Amino acid sequence: MKPLTTLMASAVALSTLAACTGPGILIGSGAAVTRSVLQERSTGQALTDLEIEVSIANRFANHSGELFRDVDVDVHEGRVLLAGSVPRREDKITATQQAWEVPGVTQISDELTVEEDSGTQAYLNDVWISNQVRYHLLTDLEVRSVNLNVTTVDSVVHITGIARSDAEHATALNAAAGVDGVQKVVSHVVIIDDPRRVEQLAKSG
């Protein structure tokens, strides 16, 4: 495992680079550290995820403005979620290939759709749904919402992150499904004591 000071310096450099490449990847290392204190992830792992996320975003930006604009990237413990809508099937394939080329990526969940731009109203609807789901998770005492991220694409909610138990996982999914307008809930959540997660952390540690 890299020393914390090295990881901090790396993340600061990456976030500075991100600021030069576009608003979509402007992520502060300080925010990653603060968030990791509350999460089940270690600070070192949070910074590693930040490095992976920025690297993928930079690859997208260097490949094409469309790919950078259309694809949302979320990373937890090396597991990458790609969500959004791209105009061509080749873009979907390219996004996955570009993400796999980044060191540290252990899994990719490709939830990209290929279709015409769904329009401003659909986008605003997705934002509203995401905010409602986050609110329900935040106010549910049985859910540690800081461990979960929410992304909505065409009224389909994608939840990624870590759950402390199967019961917490189920509660989070039910909360999302209960929000008006949600067509489907897709889980990319890993249970904290999942043997695959434990093994992966041991390898990376």
# chains A, B, ... in the order shown; residues from 1 in each chain; ligands from 1
call {"tool": "residues_around", "arguments": {"residues": "Pro103 (chain A)", "least_positions_apart": "2", "cutoff": "10 Å", "atoms": "only C-alpha atoms", "output": "number ranges by chain"}}
result
A: 51-52, 55-56, 78, 99-101, 105-106
call {"tool": "closest_atom_pairs", "arguments": {"of": "region 59-113 of chain A", "to": "region 146-168 of chain A", "cutoff": "10 Å", "atoms": "only C-alpha atoms", "output": "CSV"}}
result
residue,atom,partner,partner_atom,distance
A:Asp72,CA,A:Thr151,CA,8.4
A:Val73,CA,A:Thr151,CA,9.7
A:Asp74,CA,A:Thr160,CA,7.9
A:Val75,CA,A:Gly161,CA,8.4
A:His76,CA,A:Gly161,CA,6.0
A:Glu77,CA,A:Gly161,CA,8.7
A:Arg79,CA,A:Gly161,CA,9.0
A:Val80,CA,A:Thr160,CA,9.2
A:Leu81,CA,A:Thr160,CA,7.6
A:Leu82,CA,A:Thr151,CA,9.9
A:Ala83,CA,A:Val153,CA,7.1
A:Gly84,CA,A:Val153,CA,5.9
A:Ser85,CA,A:Val153,CA,7.7
A:Ser109,CA,A:Thr160,CA,9.8
A:Glu111,CA,A:His158,CA,8.5
A:Leu112,CA,A:Val153,CA,8.8
A:Thr113,CA,A:Val153,CA,8.7
call {"tool": "select_by_dssp", "arguments": {"residues": "region 20-194 of chain A", "states": "strand (DSSP E or B)", "output": "PyMOL selection string"}}
result
chain A and resi 71-76+79-86+107-114+148-153+156-163+184-191
call {"tool": "closest_residue", "arguments": {"among": "A:Leu173, A:Ile192, A:Leu137, A:Val71", "to": "Val114 (chain A)", "atoms": "only C-alpha atoms"}}
result
A:Val71
call {"tool": "closest_residue", "arguments": {"among": "A:Leu141, A:Gly181, A:Asp110, A:Val102", "to": "Asp126 (chain A)", "atoms": "only C-alpha atoms"}}
result
A:Gly181
call {"tool": "closest_residue", "arguments": {"among": "A:Arg69, A:Ile129, A:Tyr123, A:Gln107", "to": "Val190 (chain A)", "atoms": "only C-alpha atoms"}}
result
A:Gln107
call {"tool": "atom_distance", "arguments": {"atom1": "CA of Asn174 (chain A)", "atom2": "CA of Val86 (chain A)"}}
result
28.7 Å
call {"tool": "closest_residue", "arguments": {"among": "A:Ala177, A:Ala170, A:Ala95, A:Ile191", "to": "Phe68 (chain A)", "atoms": "only C-alpha atoms"}}
result
A:Ala95
call {"tool": "select_by_dssp", "arguments": {"residues": "region 25-161 of chain A", "states": "helix (DSSP H, G or I)", "output": "MDAnalysis selection string"}}
result
chainID A and resid 25 29:38 43:63 65:70 89:100 120:139 145:147
call {"tool": "atom_distance", "arguments": {"atom1": "CA of Ala46 (chain A)", "atom2": "CA of Ala202 (chain A)"}}
result
15.5 Å
call {"tool": "closest_residue", "arguments": {"among": "A:Gln121, A:Thr96, A:Ser145, A:Thr48", "to": "Leu67 (chain A)", "atoms": "only C-alpha atoms"}}
result
A:Thr96
call {"tool": "atom_distance", "arguments": {"atom1": "CA of Val127 (chain A)", "atom2": "CA of Gln183 (chain A)"}}
result
14.1 Å
